[in-house]
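J.: Before anything else, here's the structure in question.
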Amino acid sequence: MELAKKLCNAYGPSGREDNIRRMIEAEIGNSCQRMEVDRLGNLIAYVPAKSKDGIKEEKHTKIIFCAHMDEIGLIVTHIDKKGFVRFANVGGLFLGNIVNQRIIFENGTMGIIGVETKAETPKPPRIDNLFIDIHAQDRKEAESKIGIGDIASFYQQAVIANNRMTSKALDDRIGCYCLIETMKLLKENKDDLYFVFTVQEEVGLRGARTSVYGIAPDYAIAVDVTATGDTPECRKMDVGLGKGPAIKVKDAMFLANPVVKDKLVTYAKETDIPYQLEVLERGTTDAAVVQIIREGVLSGVLSIPTRYIHSTNETCDLGDVEGVIKLLVAVGEKGLA
Ligand code: CO
Ligand code: ZN
C-alpha cells in the first residue's frame, strides 16, 4: 500500500496532474505495450490481447478502464495588503469542511485556510468568507511566493490503521492505484485493453471525453470512489465500508449498462468477492461522459466505498480496494461480451 499512500500524498489538482502522471508512468512501463499522453494530458496505456502463446494479431473488442488523476483544489483570485490570499474552488469544495486545514502550492508554499469571524459570517461560510494564510507579512512577500491563478491542493499525509486508509485525494488516486495493480497482475487478456488515467474529472469530466473519443472503445469500466450510508444519522444509502466493491447501478448522471453491470455481479460471485449494488443520488464519475461518446460505449463503474469524500480525511477499507482489483483482473481476463 506504499504506492497508494505515495499517490494520495502527491500534489495533483485538476489541470496540474503532471506529477501524478509521472509517478504512474514509472509504475506501469513494464506492464503495457505502449503509453501515450493525449493533448489534454490523459495517460493512455495499451495492453493488447494476449494469450500464453503471445500477442494475437486479429481485430479485437476494445475495453477501457479509467480512473482520474486529479483532485479538488483551490485557485488564487486575490492577495490583500496584509498578504492574505482569497481563492475560488477547483472542483467541489465543501466549505464547512475546509476551515483550518493545510494546503500546499505546486512550488511547496504551505498555507492554512482561515475564516472571517464577523458575527454575520454564515455557517457554513461562503467562499468569500475564507482566506489562505501563507505566513506572509504583506502583499509583497506573498507575491514573492505565489501569484493569481496558482492552484493549491490540500496537504495531509495518508495513514493506514485497522485495514482502513485515511487520506486526502483517495478520490481518485485509490482508483489509479487499482488500475496500476490490475495491470501488474494481468497475465492474459482476450480483448485489447486501454488503461486510461484521466485529467480534470473534478471540474466536469473533461479528460475522459478526449481520451475515450480517440480510443473509440466498445466497453468501459470507470473506477472511482462513492459515498456510503454507514455513519451516524447520514443520508440513507445502501453502501458501507468493508462490504466489498460497489457495482454502480445509477448515479446523478449515469445509468450502468445492465449487461456490463450483470457481468460484474457474475464475476464477483464466481470469484467469491463480496459486492454491493450502488445507487448514488448526488455526484457522478467519468463514466457519465464515457457512455455517450461517439455512438455510445457500454459502460459500468466499480466504486470504492468512501466516507468523508472531498475532505482531507477521505476514508476507505483496504478489503474493498482488494476486491475492486480482483474484479478488474477478472474483467481483463474474461472480457465483458
Ligand atoms: Co471527486
Ligand atoms: Zn472521483
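Lettering and numbering for the C-alpha cells are positional, with chains as A, B, ... in the shown order, residues counted from 1 in each chain, and ligands counted from 1 in the shown order.
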Show which residues sit within 7 Å of range 266-274 of chain A, as an NGL selection string. Count only C-alpha atoms, and ignore same-chain residues fewer than 3 positions away.
T.: :A and (243-244 or 262-263 or 323 or 327 or 330)
J.: For ligand 2, collect every residue having any atom at a distance of at most 9 Å from a ligand atom (counting only C-alpha atoms and all ligand atoms); output as a list in words.
T.: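 Protein and nucleic-acid residues within 9 Å of ligand 2: Ala67, His68, Met69, Asp70, Glu71, Ala169, Leu170, Asp171, Asp172, Arg173, Gly175, Glu201, Glu202, Val223, Asp224, Val225, Thr226, Gly283, Thr284, Thr285, Asp286, Ile309 and His310 of chain A.
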J.: Let's have the selection written as a CSV table (one decimal), in the first residue's frame, with N, CA and C atoms.
T.:
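Just written: part.csv:
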```
chain,number,residue,atom,x,y,z
A,67,ALA,N,-9.6,5.9,-14.5
A,67,ALA,CA,-9.6,6.5,-13.2
A,67,ALA,C,-9.0,7.8,-13.3
A,68,HIS,N,-9.5,8.8,-12.5
A,68,HIS,CA,-9.0,10.2,-12.7
A,68,HIS,C,-7.8,10.5,-11.8
A,69,MET,N,-6.8,11.2,-12.4
A,69,MET,CA,-5.6,11.5,-11.6
A,69,MET,C,-5.8,12.8,-10.8
A,70,ASP,N,-6.7,13.6,-11.2
A,70,ASP,CA,-6.8,14.9,-10.5
A,70,ASP,C,-7.6,14.8,-9.2
A,71,GLU,N,-7.3,15.9,-8.3
A,71,GLU,CA,-8.0,16.0,-7.1
A,71,GLU,C,-8.6,17.4,-7.0
A,169,ALA,N,-7.5,13.1,-1.3
A,169,ALA,CA,-7.3,12.6,-2.7
A,169,ALA,C,-7.4,11.1,-2.9
A,170,LEU,N,-8.0,10.4,-1.9
A,170,LEU,CA,-8.4,9.0,-2.2
A,170,LEU,C,-9.2,9.0,-3.5
A,171,ASP,N,-10.0,10.1,-3.6
A,171,ASP,CA,-10.8,10.4,-4.8
A,171,ASP,C,-9.9,11.1,-5.8
A,172,ASP,N,-9.2,10.5,-6.7
A,172,ASP,CA,-9.4,9.2,-7.1
A,172,ASP,C,-8.1,8.4,-7.3
A,173,ARG,N,-7.1,8.8,-6.5
A,173,ARG,CA,-5.8,8.1,-6.6
A,173,ARG,C,-6.0,6.7,-6.2
A,175,GLY,N,-8.4,4.9,-7.1
A,175,GLY,CA,-8.8,4.3,-8.4
A,175,GLY,C,-7.6,4.1,-9.3
A,201,GLU,N,-11.3,15.5,-14.1
A,201,GLU,CA,-12.6,14.9,-13.7
A,201,GLU,C,-13.4,15.8,-12.8
A,202,GLU,N,-12.7,16.4,-11.8
A,202,GLU,CA,-13.4,17.1,-10.8
A,202,GLU,C,-14.0,18.5,-11.2
A,223,VAL,N,-13.4,3.5,-12.5
A,223,VAL,CA,-13.1,3.2,-11.2
A,223,VAL,C,-13.0,4.5,-10.4
A,224,ASP,N,-13.9,4.6,-9.4
A,224,ASP,CA,-13.9,5.9,-8.6
A,224,ASP,C,-14.4,5.6,-7.2
A,225,VAL,N,-14.3,6.6,-6.3
A,225,VAL,CA,-14.9,6.4,-5.0
A,225,VAL,C,-16.4,6.7,-5.1
A,226,THR,N,-17.2,6.2,-4.1
A,226,THR,CA,-18.6,6.5,-3.9
A,226,THR,C,-18.9,6.8,-2.5
A,283,GLY,N,-23.8,13.3,-7.3
A,283,GLY,CA,-22.4,13.1,-7.8
A,283,GLY,C,-22.4,12.1,-8.9
A,284,THR,N,-21.2,12.1,-9.6
A,284,THR,CA,-21.1,11.2,-10.7
A,284,THR,C,-19.6,10.9,-11.0
A,285,THR,N,-19.3,10.2,-12.1
A,285,THR,CA,-17.9,9.9,-12.4
A,285,THR,C,-17.7,10.0,-13.9
A,286,ASP,N,-16.5,9.8,-14.3
A,286,ASP,CA,-16.1,9.8,-15.8
A,286,ASP,C,-17.0,9.0,-16.6
A,309,ILE,N,-16.0,12.1,1.7
A,309,ILE,CA,-15.5,12.4,0.3
A,309,ILE,C,-15.3,13.9,0.2
A,310,HIS,N,-14.3,14.3,-0.6
A,310,HIS,CA,-14.0,15.7,-0.8
A,310,HIS,C,-13.6,16.4,0.6
```
J.: May I have the residues within 7 Å of range 133-147 of chain A as a compact mmCIF listing (two decimals) with all heavy atoms, in the first residue's frame, using only C-alpha atoms and disregarding those fewer than 5 positions away in the same chain?
T.:
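Ended up saving to out.txt:
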```txt
# COMPACT_ATOMS: atom_id res chain seq x y z
N VAL A 76 -5.93 30.80 -6.56
CA VAL A 76 -5.76 32.16 -6.04
C VAL A 76 -6.48 33.18 -6.93
O VAL A 76 -6.28 33.20 -8.14
CB VAL A 76 -4.26 32.52 -5.96
CG1 VAL A 76 -4.07 33.98 -5.53
CG2 VAL A 76 -3.53 31.57 -5.03
N ILE A 79 -4.79 38.80 -3.66
CA ILE A 79 -3.93 38.84 -2.47
C ILE A 79 -4.10 40.23 -1.84
O ILE A 79 -3.97 41.25 -2.53
CB ILE A 79 -2.45 38.61 -2.85
CG1 ILE A 79 -2.29 37.25 -3.56
CG2 ILE A 79 -1.56 38.68 -1.61
CD1 ILE A 79 -0.93 37.01 -4.17
N ASP A 80 -4.42 40.29 -0.54
CA ASP A 80 -4.68 41.61 0.05
C ASP A 80 -3.40 42.26 0.60
O ASP A 80 -2.32 41.64 0.58
CB ASP A 80 -5.82 41.55 1.07
CG ASP A 80 -5.41 40.90 2.39
OD1 ASP A 80 -4.20 40.73 2.65
OD2 ASP A 80 -6.33 40.55 3.17
N LYS A 81 -3.53 43.50 1.10
CA LYS A 81 -2.37 44.28 1.55
C LYS A 81 -1.56 43.57 2.62
O LYS A 81 -0.35 43.69 2.72
CB LYS A 81 -2.85 45.64 2.11
CG LYS A 81 -3.06 46.68 1.03
CD LYS A 81 -3.03 48.07 1.61
CE LYS A 81 -4.28 48.57 2.13
NZ LYS A 81 -5.42 49.15 1.84
N LYS A 82 -2.28 42.82 3.48
CA LYS A 82 -1.61 42.14 4.57
C LYS A 82 -1.05 40.77 4.18
O LYS A 82 -0.53 40.04 5.02
CB LYS A 82 -2.57 41.99 5.75
CG LYS A 82 -2.91 43.32 6.39
CD LYS A 82 -3.78 43.13 7.61
CE LYS A 82 -3.94 44.47 8.34
NZ LYS A 82 -5.01 44.37 9.33
N GLY A 83 -1.24 40.42 2.91
CA GLY A 83 -0.66 39.16 2.43
C GLY A 83 -1.59 37.95 2.57
O GLY A 83 -1.16 36.82 2.36
N PHE A 84 -2.86 38.22 2.91
CA PHE A 84 -3.82 37.11 2.95
C PHE A 84 -4.38 36.86 1.54
O PHE A 84 -4.54 37.80 0.76
CB PHE A 84 -4.97 37.41 3.92
CG PHE A 84 -4.51 37.37 5.35
CD1 PHE A 84 -4.27 38.56 6.05
CD2 PHE A 84 -4.30 36.17 6.00
CE1 PHE A 84 -3.83 38.54 7.37
CE2 PHE A 84 -3.87 36.13 7.32
CZ PHE A 84 -3.63 37.31 8.01
N VAL A 85 -4.63 35.60 1.25
CA VAL A 85 -4.95 35.18 -0.11
C VAL A 85 -6.43 34.78 -0.20
O VAL A 85 -6.91 34.02 0.64
CB VAL A 85 -4.08 33.95 -0.50
CG1 VAL A 85 -4.43 33.44 -1.89
CG2 VAL A 85 -2.59 34.32 -0.41
N THR A 109 4.92 26.05 -1.35
CA THR A 109 4.40 27.03 -0.39
C THR A 109 3.21 26.45 0.37
O THR A 109 2.26 25.96 -0.24
CB THR A 109 3.97 28.32 -1.12
OG1 THR A 109 5.09 28.85 -1.83
CG2 THR A 109 3.43 29.36 -0.14
N MET A 110 3.29 26.54 1.71
CA MET A 110 2.22 25.99 2.54
C MET A 110 1.25 27.08 2.94
O MET A 110 1.61 28.25 3.00
CB MET A 110 2.80 25.40 3.83
CG MET A 110 3.83 24.31 3.65
SD MET A 110 3.09 22.75 3.19
CE MET A 110 1.94 22.53 4.54
N GLY A 111 0.03 26.70 3.25
CA GLY A 111 -0.94 27.67 3.73
C GLY A 111 -1.96 27.02 4.66
O GLY A 111 -2.07 25.79 4.70
N ILE A 112 -2.67 27.88 5.41
CA ILE A 112 -3.76 27.41 6.28
C ILE A 112 -5.01 28.15 5.84
O ILE A 112 -4.95 29.36 5.58
CB ILE A 112 -3.51 27.74 7.76
CG1 ILE A 112 -2.11 27.31 8.18
CG2 ILE A 112 -4.56 27.08 8.66
CD1 ILE A 112 -1.13 28.45 8.19
N ILE A 113 -6.12 27.44 5.75
CA ILE A 113 -7.37 28.10 5.39
C ILE A 113 -7.99 28.68 6.66
O ILE A 113 -8.24 27.96 7.62
CB ILE A 113 -8.34 27.12 4.72
CG1 ILE A 113 -7.71 26.56 3.43
CG2 ILE A 113 -9.68 27.80 4.42
CD1 ILE A 113 -8.47 25.43 2.80
N GLY A 114 -8.21 30.01 6.65
CA GLY A 114 -8.85 30.68 7.79
C GLY A 114 -10.24 31.15 7.41
O GLY A 114 -10.60 31.20 6.23
```
J.: Leaving out Glu333 in chain A and any residue of its chain fewer than 2 positions from it, which residues lie within 9 Å of it when counting only C-alpha atoms, given as a PDB file with all heavy atoms, in the first residue's frame?
T.:
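Contents of out.pdb, freshly written:
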```
ATOM      1  N   LEU A 186      -2.337  -8.799 -14.391  1.00  0.00           N
ATOM      2  CA  LEU A 186      -2.948  -9.442 -15.562  1.00  0.00           C
ATOM      3  C   LEU A 186      -1.953 -10.327 -16.308  1.00  0.00           C
ATOM      4  O   LEU A 186      -0.902  -9.858 -16.738  1.00  0.00           O
ATOM      5  CB  LEU A 186      -3.428  -8.364 -16.529  1.00  0.00           C
ATOM      6  CG  LEU A 186      -4.896  -8.013 -16.568  1.00  0.00           C
ATOM      7  CD1 LEU A 186      -5.116  -6.975 -17.662  1.00  0.00           C
ATOM      8  CD2 LEU A 186      -5.779  -9.223 -16.785  1.00  0.00           C
ATOM      9  N   LYS A 187      -2.300 -11.600 -16.490  1.00  0.00           N
ATOM     10  CA  LYS A 187      -1.397 -12.499 -17.218  1.00  0.00           C
ATOM     11  C   LYS A 187      -1.852 -12.705 -18.649  1.00  0.00           C
ATOM     12  O   LYS A 187      -1.056 -12.813 -19.558  1.00  0.00           O
ATOM     13  CB  LYS A 187      -1.302 -13.823 -16.488  1.00  0.00           C
ATOM     14  CG  LYS A 187      -0.696 -13.617 -15.100  1.00  0.00           C
ATOM     15  CD  LYS A 187       0.203 -14.760 -14.688  1.00  0.00           C
ATOM     16  CE  LYS A 187       1.005 -14.385 -13.462  1.00  0.00           C
ATOM     17  NZ  LYS A 187       0.156 -13.822 -12.373  1.00  0.00           N
ATOM     18  N   GLU A 188      -3.172 -12.844 -18.849  1.00  0.00           N
ATOM     19  CA  GLU A 188      -3.671 -12.932 -20.215  1.00  0.00           C
ATOM     20  C   GLU A 188      -4.973 -12.168 -20.340  1.00  0.00           C
ATOM     21  O   GLU A 188      -5.703 -11.994 -19.369  1.00  0.00           O
ATOM     22  CB  GLU A 188      -3.844 -14.394 -20.644  1.00  0.00           C
ATOM     23  CG  GLU A 188      -4.555 -15.255 -19.652  1.00  0.00           C
ATOM     24  CD  GLU A 188      -4.630 -16.707 -20.117  1.00  0.00           C
ATOM     25  OE1 GLU A 188      -4.826 -16.928 -21.320  1.00  0.00           O
ATOM     26  OE2 GLU A 188      -4.516 -17.596 -19.276  1.00  0.00           O
ATOM     27  N   ASN A 189      -5.249 -11.677 -21.549  1.00  0.00           N
ATOM     28  CA  ASN A 189      -6.493 -10.947 -21.787  1.00  0.00           C
ATOM     29  C   ASN A 189      -6.923 -11.167 -23.228  1.00  0.00           C
ATOM     30  O   ASN A 189      -6.108 -11.073 -24.135  1.00  0.00           O
ATOM     31  CB  ASN A 189      -6.315  -9.459 -21.487  1.00  0.00           C
ATOM     32  CG  ASN A 189      -5.071  -8.849 -22.069  1.00  0.00           C
ATOM     33  OD1 ASN A 189      -3.958  -9.121 -21.614  1.00  0.00           O
ATOM     34  ND2 ASN A 189      -5.233  -8.031 -23.089  1.00  0.00           N
ATOM     35  N   LYS A 190      -8.218 -11.437 -23.394  1.00  0.00           N
ATOM     36  CA  LYS A 190      -8.654 -11.772 -24.755  1.00  0.00           C
ATOM     37  C   LYS A 190      -9.060 -10.543 -25.553  1.00  0.00           C
ATOM     38  O   LYS A 190      -9.185 -10.592 -26.758  1.00  0.00           O
ATOM     39  CB  LYS A 190      -9.761 -12.824 -24.726  1.00  0.00           C
ATOM     40  CG  LYS A 190     -11.126 -12.369 -24.268  1.00  0.00           C
ATOM     41  CD  LYS A 190     -12.007 -13.619 -24.272  1.00  0.00           C
ATOM     42  CE  LYS A 190     -13.494 -13.375 -24.288  1.00  0.00           C
ATOM     43  NZ  LYS A 190     -14.059 -12.179 -24.765  1.00  0.00           N
ATOM     44  N   ASP A 191      -9.237  -9.431 -24.892  1.00  0.00           N
ATOM     45  CA  ASP A 191      -9.579  -8.189 -25.591  1.00  0.00           C
ATOM     46  C   ASP A 191      -8.398  -7.225 -25.544  1.00  0.00           C
ATOM     47  O   ASP A 191      -7.469  -7.412 -24.774  1.00  0.00           O
ATOM     48  CB  ASP A 191     -10.791  -7.539 -24.914  1.00  0.00           C
ATOM     49  CG  ASP A 191     -11.996  -8.473 -24.890  1.00  0.00           C
ATOM     50  OD1 ASP A 191     -12.307  -9.062 -25.943  1.00  0.00           O
ATOM     51  OD2 ASP A 191     -12.608  -8.618 -23.824  1.00  0.00           O
ATOM     52  N   LEU A 328     -11.423  -6.307 -11.417  1.00  0.00           N
ATOM     53  CA  LEU A 328     -10.847  -5.732 -12.647  1.00  0.00           C
ATOM     54  C   LEU A 328     -10.002  -6.781 -13.367  1.00  0.00           C
ATOM     55  O   LEU A 328     -10.043  -6.858 -14.607  1.00  0.00           O
ATOM     56  CB  LEU A 328      -9.988  -4.503 -12.302  1.00  0.00           C
ATOM     57  CG  LEU A 328     -10.745  -3.238 -11.871  1.00  0.00           C
ATOM     58  CD1 LEU A 328      -9.771  -2.193 -11.331  1.00  0.00           C
ATOM     59  CD2 LEU A 328     -11.553  -2.666 -13.040  1.00  0.00           C
ATOM     60  N   VAL A 329      -9.262  -7.559 -12.612  1.00  0.00           N
ATOM     61  CA  VAL A 329      -8.461  -8.621 -13.238  1.00  0.00           C
ATOM     62  C   VAL A 329      -9.385  -9.621 -13.941  1.00  0.00           C
ATOM     63  O   VAL A 329      -9.140 -10.023 -15.076  1.00  0.00           O
ATOM     64  CB  VAL A 329      -7.563  -9.333 -12.190  1.00  0.00           C
ATOM     65  CG1 VAL A 329      -6.926 -10.576 -12.778  1.00  0.00           C
ATOM     66  CG2 VAL A 329      -6.486  -8.369 -11.684  1.00  0.00           C
ATOM     67  N   ALA A 330     -10.500  -9.972 -13.274  1.00  0.00           N
ATOM     68  CA  ALA A 330     -11.457 -10.900 -13.892  1.00  0.00           C
ATOM     69  C   ALA A 330     -12.013 -10.334 -15.195  1.00  0.00           C
ATOM     70  O   ALA A 330     -12.109 -11.029 -16.207  1.00  0.00           O
ATOM     71  CB  ALA A 330     -12.583 -11.205 -12.912  1.00  0.00           C
ATOM     72  N   VAL A 331     -12.345  -9.048 -15.193  1.00  0.00           N
ATOM     73  CA  VAL A 331     -12.863  -8.409 -16.420  1.00  0.00           C
ATOM     74  C   VAL A 331     -11.793  -8.423 -17.508  1.00  0.00           C
ATOM     75  O   VAL A 331     -12.059  -8.738 -18.670  1.00  0.00           O
ATOM     76  CB  VAL A 331     -13.323  -6.957 -16.149  1.00  0.00           C
ATOM     77  CG1 VAL A 331     -13.664  -6.244 -17.445  1.00  0.00           C
ATOM     78  CG2 VAL A 331     -14.512  -6.951 -15.194  1.00  0.00           C
ATOM     79  N   GLY A 335     -13.211 -10.572 -20.253  1.00  0.00           N
ATOM     80  CA  GLY A 335     -13.964  -9.665 -21.129  1.00  0.00           C
ATOM     81  C   GLY A 335     -15.356  -9.375 -20.624  1.00  0.00           C
ATOM     82  O   GLY A 335     -15.745  -9.839 -19.544  1.00  0.00           O
TER      83      GLY A 335
END
```
J.: What separation in Å, quoted to one decimal, exists between CA of Ser167 in chain A and CA of Asp317 in chain A?
T.: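 Computing the Euclidean distance for CA of Ser167 in chain A and CA of Asp317 in chain A yields 11.8 Å.
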J.: Can you list, as a ChimeraX atom specification, all residues belonging to range 2-190 of chain A that DSSP tags as strand (DSSP E)?
T.: /A:34-37,43-47,50-51,54-55,62-68,73-79,84-90,102-105,110-115,130-133,151-154,159-161,164-167
J.: Excluding range 23-38 of chain A and any residue of its chain fewer than 4 positions from it, enumerate the residues within 6 Å of it, using only C-alpha atoms, and give them as a list in words.
T.: Asn42, Leu43, Ile44, Ala45, Tyr46, Val47, Met183 and Lys184 of chain A
